[in-house]
Structure formats: C-alpha cells, structure tokens
Amino acid sequence: MLTPDAGIKPERFAMLSVSMCVGVWAMTDHRHDIWRYYAFAVESGTPAVLDRDLYQSCQLADCYSPRLQPINPVNLIRVTVPRQLMNYSVTVAGARHSGQIEIHTAVFEAVENGILPMEAVEYQYILPKLLLHGAINSAEFLEHMDQHYCEHFAILMRAAHQANFSRIFVGAFSSLVLEQWWSGMFYAIGIGSLVEAQPGTVANDRVH
C-alpha cells in the first residue's frame, strides 16, 4: 500500500483508509483492552520491540510458499519515512510533559494546517511513548486513556467531517497509525494480549 518514501499508492488509497480506520476504532473502544494490552507489554519489558526492523515492506504473498507455509519474505523494500520535529505539551495525572518527537511529514503538515487535531497525535502516539519511556506509569496512562477515549473519538470525527474526509486528512490520519506500527505499538499490543491470555479468564472482567 505504500511507496518506498512512505507515501500512499493512489490505487491502494481506499484500502489503506479502511485498514487505518479499523486501527483507530480499536484504540477508541470503550473497554480499552487495546491500551491495557499495550501497558501489559511495556511492564513486561517489551521495549525490546524497538530493536526490530518494522520498516520492511512486501506483498503478503511473498511471505508464504505455494503450500502456504510461512517463509522469509522475498522482494523486500525498506520504507524510508520523511519526518519533522514536532513540539508537544501534555498533562497526565496533573503533571505536565513537554518535548519534541519526530513524526511523519504528512502528520506534521496536517497538524500545522489545522486539518488533523494535535489531540489525535497526543492520544495515539505521544502518550503511549511517554509510558514506554517511563515518564508516566501504567496506572496514570490507563486512567488518562479511559477518561479521554470518548472525547478523542469525537475530536477525530469532527475533524474528519470538517475536512470532508479529504485525501489530505485521510493520508495524515493513516500516516499517524503507521507511525504507531513502525514504533512497535501494535507489536507490543499483540504481546500484551498473550500476557493476559490465561486459561479461564477473559478481558471483560478486568477493571479497565
């Protein structure tokens, strides 16, 4: 779905849009199992996922043999992401956290132009990064995410309608979700779900 410089292939734009929206929908789910899984993984030492090369890209068919056995993919390319420095300042549990992050240029420009709300970047990228790097703990993280998920979803929907779901908005929106992917967030969520997958227990009986 991507070009080598992390753009969206025009012929795959609709499919990428759907894929990215599913990711955002999961992260605004009212039970917040997704973010709990992420917190579990961070607590379990999963920051090691950052050592993985998540920038390799290929066709799904290249990952399987003709007998549908998993193989090391062939015909790989490595996506090179154009990024710019973005300032942030967020409050979690009464404490202010400020700094800079490198973010996909499409995200940066959409925020600068008022198309994508900065709150979306904070909720979906900056706050998970703060947890990963130990600036906040998992209790603070989960409480904040739980208190703001509904507001976050409303902010995104208002922005989408205001932009008339334009290609600029959807492209920036998709690039933000891809930043989550490249930084290992989805990988960590998968590991966190395995941490909790114990016999006789289900996610819905947890506090968050």
# chains A, B, ... in the order shown; residues from 1 in each chain; ligands from 1

call {"tool": "residues_around", "arguments": {"residues": "range 66-74 of chain A", "least_positions_apart": "5", "cutoff": "10 Å", "atoms": "only C-alpha atoms", "output": "PDB file with C-alpha atoms, in the first residue's frame"}}
result
ATOM      1  CA  GLN A  56      10.428  -3.709   5.739  1.00  0.00           C
ATOM      2  CA  SER A  57       7.581  -3.981   3.258  1.00  0.00           C
ATOM      3  CA  CYS A  58       6.453  -6.557   0.725  1.00  0.00           C
ATOM      4  CA  GLN A  59       3.383  -8.250  -0.700  1.00  0.00           C
ATOM      5  CA  LEU A  60       1.616 -10.679   1.612  1.00  0.00           C
ATOM      6  CA  ALA A  61       2.003 -13.422  -0.984  1.00  0.00           C
TER       7      ALA A  61
END

call {"tool": "closest_atom_pairs", "arguments": {"of": "range 145-202 of chain A", "to": "range 108-120 of chain A", "cutoff": "8 Å", "atoms": "only C-alpha atoms", "output": "tab-separated table"}}
result
residue	atom	partner	partner_atom	distance
A:His152	CA	A:Ala120	CA	6.8
A:Ile155	CA	A:Pro117	CA	7.4
A:Leu156	CA	A:Ala120	CA	6.9
A:Ala159	CA	A:Leu116	CA	6.5
A:Ala163	CA	A:Ile115	CA	6.5
A:Ile168	CA	A:Ala110	CA	7.3
A:Phe169	CA	A:Ile115	CA	6.2
A:Ala172	CA	A:Ala110	CA	6.3
A:Phe173	CA	A:Leu116	CA	7.3

call {"tool": "write_last_selection", "arguments": {"atoms": "N, CA, C and O atoms", "output": "PDB file, in the first residue's frame"}}
result
ATOM      1  N   HIS A 152     -11.703  11.867  22.522  1.00  0.00           N
ATOM      2  CA  HIS A 152     -10.768  11.674  21.421  1.00  0.00           C
ATOM      3  C   HIS A 152     -11.496  11.268  20.147  1.00  0.00           C
ATOM      4  O   HIS A 152     -11.242  11.813  19.062  1.00  0.00           O
ATOM      5  N   ILE A 155     -13.378  14.234  18.723  1.00  0.00           N
ATOM      6  CA  ILE A 155     -12.457  15.183  18.087  1.00  0.00           C
ATOM      7  C   ILE A 155     -12.074  14.706  16.689  1.00  0.00           C
ATOM      8  O   ILE A 155     -12.067  15.482  15.725  1.00  0.00           O
ATOM      9  N   LEU A 156     -11.782  13.423  16.558  1.00  0.00           N
ATOM     10  CA  LEU A 156     -11.410  12.872  15.257  1.00  0.00           C
ATOM     11  C   LEU A 156     -12.559  12.973  14.261  1.00  0.00           C
ATOM     12  O   LEU A 156     -12.365  13.360  13.100  1.00  0.00           O
ATOM     13  N   ALA A 159     -13.132  16.537  13.109  1.00  0.00           N
ATOM     14  CA  ALA A 159     -12.074  16.949  12.181  1.00  0.00           C
ATOM     15  C   ALA A 159     -12.257  16.306  10.810  1.00  0.00           C
ATOM     16  O   ALA A 159     -12.064  16.949   9.774  1.00  0.00           O
ATOM     17  N   ALA A 163     -12.966  18.374   7.384  1.00  0.00           N
ATOM     18  CA  ALA A 163     -12.082  18.231   6.222  1.00  0.00           C
ATOM     19  C   ALA A 163     -12.771  17.531   5.059  1.00  0.00           C
ATOM     20  O   ALA A 163     -12.152  17.305   4.016  1.00  0.00           O
ATOM     21  N   ILE A 168      -6.066  14.599   2.017  1.00  0.00           N
ATOM     22  CA  ILE A 168      -5.038  15.135   2.917  1.00  0.00           C
ATOM     23  C   ILE A 168      -5.290  14.662   4.335  1.00  0.00           C
ATOM     24  O   ILE A 168      -4.378  14.194   5.026  1.00  0.00           O
ATOM     25  N   PHE A 169      -6.554  14.743   4.776  1.00  0.00           N
ATOM     26  CA  PHE A 169      -6.886  14.295   6.131  1.00  0.00           C
ATOM     27  C   PHE A 169      -6.651  12.800   6.279  1.00  0.00           C
ATOM     28  O   PHE A 169      -5.992  12.353   7.223  1.00  0.00           O
ATOM     29  N   ALA A 172      -2.957  11.859   6.296  1.00  0.00           N
ATOM     30  CA  ALA A 172      -2.292  12.178   7.561  1.00  0.00           C
ATOM     31  C   ALA A 172      -2.744  11.226   8.660  1.00  0.00           C
ATOM     32  O   ALA A 172      -1.946  10.746   9.469  1.00  0.00           O
ATOM     33  N   PHE A 173      -4.027  10.955   8.686  1.00  0.00           N
ATOM     34  CA  PHE A 173      -4.626  10.032   9.643  1.00  0.00           C
ATOM     35  C   PHE A 173      -3.980   8.650   9.527  1.00  0.00           C
ATOM     36  O   PHE A 173      -3.580   8.027  10.515  1.00  0.00           O
TER      37      PHE A 173
END

call {"tool": "select_by_dssp", "arguments": {"residues": "range 33-207 of chain A", "states": "helix (DSSP H, G or I)", "output": "number ranges by chain"}}
result
A: 33-43, 46-51, 60-63, 105-112, 118-132, 138-162, 167-182, 185-196, 203-205

call {"tool": "write_last_selection", "arguments": {"atoms": "C-alpha atoms", "output": "CSV table (one decimal), in the first residue's frame"}}
result
chain,number,residue,atom,x,y,z
A,33,ASP,CA,-8.4,-3.6,26.1
A,34,ILE,CA,-6.0,-2.5,23.4
A,35,TRP,CA,-4.3,0.0,25.7
A,36,ARG,CA,-4.3,-2.4,28.6
A,37,TYR,CA,-2.5,-5.0,26.4
A,38,TYR,CA,0.0,-2.3,25.5
A,39,ALA,CA,0.6,-1.4,29.2
A,40,PHE,CA,1.0,-5.1,30.0
A,41,ALA,CA,3.6,-5.4,27.3
A,42,VAL,CA,5.5,-2.4,28.5
A,43,GLU,CA,5.5,-3.7,32.1
A,46,THR,CA,8.6,-5.2,25.7
A,47,PRO,CA,10.5,-2.1,24.8
A,48,ALA,CA,12.9,-4.5,23.1
A,49,VAL,CA,10.4,-4.5,20.2
A,50,LEU,CA,12.0,-1.2,19.2
A,51,ASP,CA,15.1,-3.2,18.1
A,60,LEU,CA,1.6,-10.7,1.6
A,61,ALA,CA,2.0,-13.4,-1.0
A,62,ASP,CA,5.8,-13.1,-0.7
A,63,CYS,CA,5.6,-14.3,3.0
A,105,THR,CA,5.8,14.9,7.5
A,106,ALA,CA,2.2,14.3,6.4
A,107,VAL,CA,1.1,14.3,10.0
A,108,PHE,CA,3.2,17.3,10.9
A,109,GLU,CA,1.8,19.4,8.0
A,110,ALA,CA,-1.8,18.4,8.6
A,111,VAL,CA,-1.5,19.5,12.3
A,112,GLU,CA,0.2,22.7,11.3
A,118,MET,CA,-2.9,17.8,17.7
A,119,GLU,CA,-5.0,15.9,20.3
A,120,ALA,CA,-5.1,12.9,18.0
A,121,VAL,CA,-1.3,12.8,17.9
A,122,GLU,CA,-1.1,13.2,21.7
A,123,TYR,CA,-3.6,10.4,22.4
A,124,GLN,CA,-2.5,7.9,19.8
A,125,TYR,CA,1.3,8.4,19.8
A,126,ILE,CA,2.7,10.7,22.4
A,127,LEU,CA,1.0,9.3,25.5
A,128,PRO,CA,2.0,5.7,24.6
A,129,LYS,CA,5.5,6.9,24.1
A,130,LEU,CA,5.6,8.5,27.5
A,131,LEU,CA,4.6,5.2,29.0
A,132,LEU,CA,7.2,3.3,27.0
A,138,SER,CA,0.7,2.3,33.6
A,139,ALA,CA,-2.0,3.4,36.1
A,140,GLU,CA,-1.7,7.0,35.1
A,141,PHE,CA,-1.7,6.0,31.4
A,142,LEU,CA,-4.8,3.8,31.6
A,143,GLU,CA,-6.7,6.3,33.7
A,144,HIS,CA,-6.0,9.1,31.2
A,145,MET,CA,-6.9,6.9,28.2
A,146,ASP,CA,-10.1,5.8,29.9
A,147,GLN,CA,-11.1,9.3,30.7
A,148,HIS,CA,-10.5,10.7,27.2
A,149,TYR,CA,-11.4,8.0,24.8
A,150,CYS,CA,-14.9,9.3,24.0
A,151,GLU,CA,-13.6,12.9,23.7
A,152,HIS,CA,-10.8,11.7,21.4
A,153,PHE,CA,-13.2,9.9,19.1
A,154,ALA,CA,-15.4,12.9,18.9
A,155,ILE,CA,-12.5,15.2,18.1
A,156,LEU,CA,-11.4,12.9,15.3
A,157,MET,CA,-14.9,12.6,13.8
A,158,ARG,CA,-15.4,16.4,13.9
A,159,ALA,CA,-12.1,16.9,12.2
A,160,ALA,CA,-12.9,14.3,9.5
A,161,HIS,CA,-16.2,16.0,8.7
A,162,GLN,CA,-14.7,19.4,8.7
A,167,ARG,CA,-7.3,12.8,0.9
A,168,ILE,CA,-5.0,15.1,2.9
A,169,PHE,CA,-6.9,14.3,6.1
A,170,VAL,CA,-7.1,10.6,5.5
A,171,GLY,CA,-3.4,10.5,4.4
A,172,ALA,CA,-2.3,12.2,7.6
A,173,PHE,CA,-4.6,10.0,9.6
A,174,SER,CA,-3.2,6.9,8.0
A,175,SER,CA,0.4,8.1,8.5
A,176,LEU,CA,-0.3,8.6,12.2
A,177,VAL,CA,-1.5,5.0,12.5
A,178,LEU,CA,1.6,3.8,10.5
A,179,GLU,CA,3.8,5.7,13.0
A,180,GLN,CA,2.3,3.5,15.7
A,181,TRP,CA,3.1,0.5,13.7
A,182,TRP,CA,6.7,1.4,12.9
A,185,MET,CA,3.0,-0.2,19.4
A,186,PHE,CA,0.9,-2.8,17.5
A,187,TYR,CA,3.5,-5.4,18.1
A,188,ALA,CA,3.5,-4.6,21.8
A,189,ILE,CA,-0.3,-4.8,21.9
A,190,GLY,CA,-0.1,-8.3,20.4
A,191,ILE,CA,2.4,-9.4,23.0
A,192,GLY,CA,0.3,-7.8,25.8
A,193,SER,CA,-2.7,-9.8,24.6
A,194,LEU,CA,-0.7,-13.0,25.0
A,195,VAL,CA,0.4,-12.0,28.5
A,196,GLU,CA,-3.2,-11.8,29.6
A,203,ALA,CA,-10.7,-9.4,29.1
A,204,ASN,CA,-14.1,-8.1,30.1
A,205,ASP,CA,-13.7,-9.0,33.8

call {"tool": "atom_distance", "arguments": {"atom1": "CA of Glu11 in chain A", "atom2": "CA of Ser183 in chain A"}}
result
25.8 Å

call {"tool": "residues_around", "arguments": {"residues": "Pro10 in chain A", "least_positions_apart": "6", "cutoff": "12 Å", "atoms": "only C-alpha atoms", "output": "list of chain:residue names"}}
result
A:Met1, A:Leu2, A:Thr3, A:Leu16, A:Ser17, A:Arg167, A:Gly171
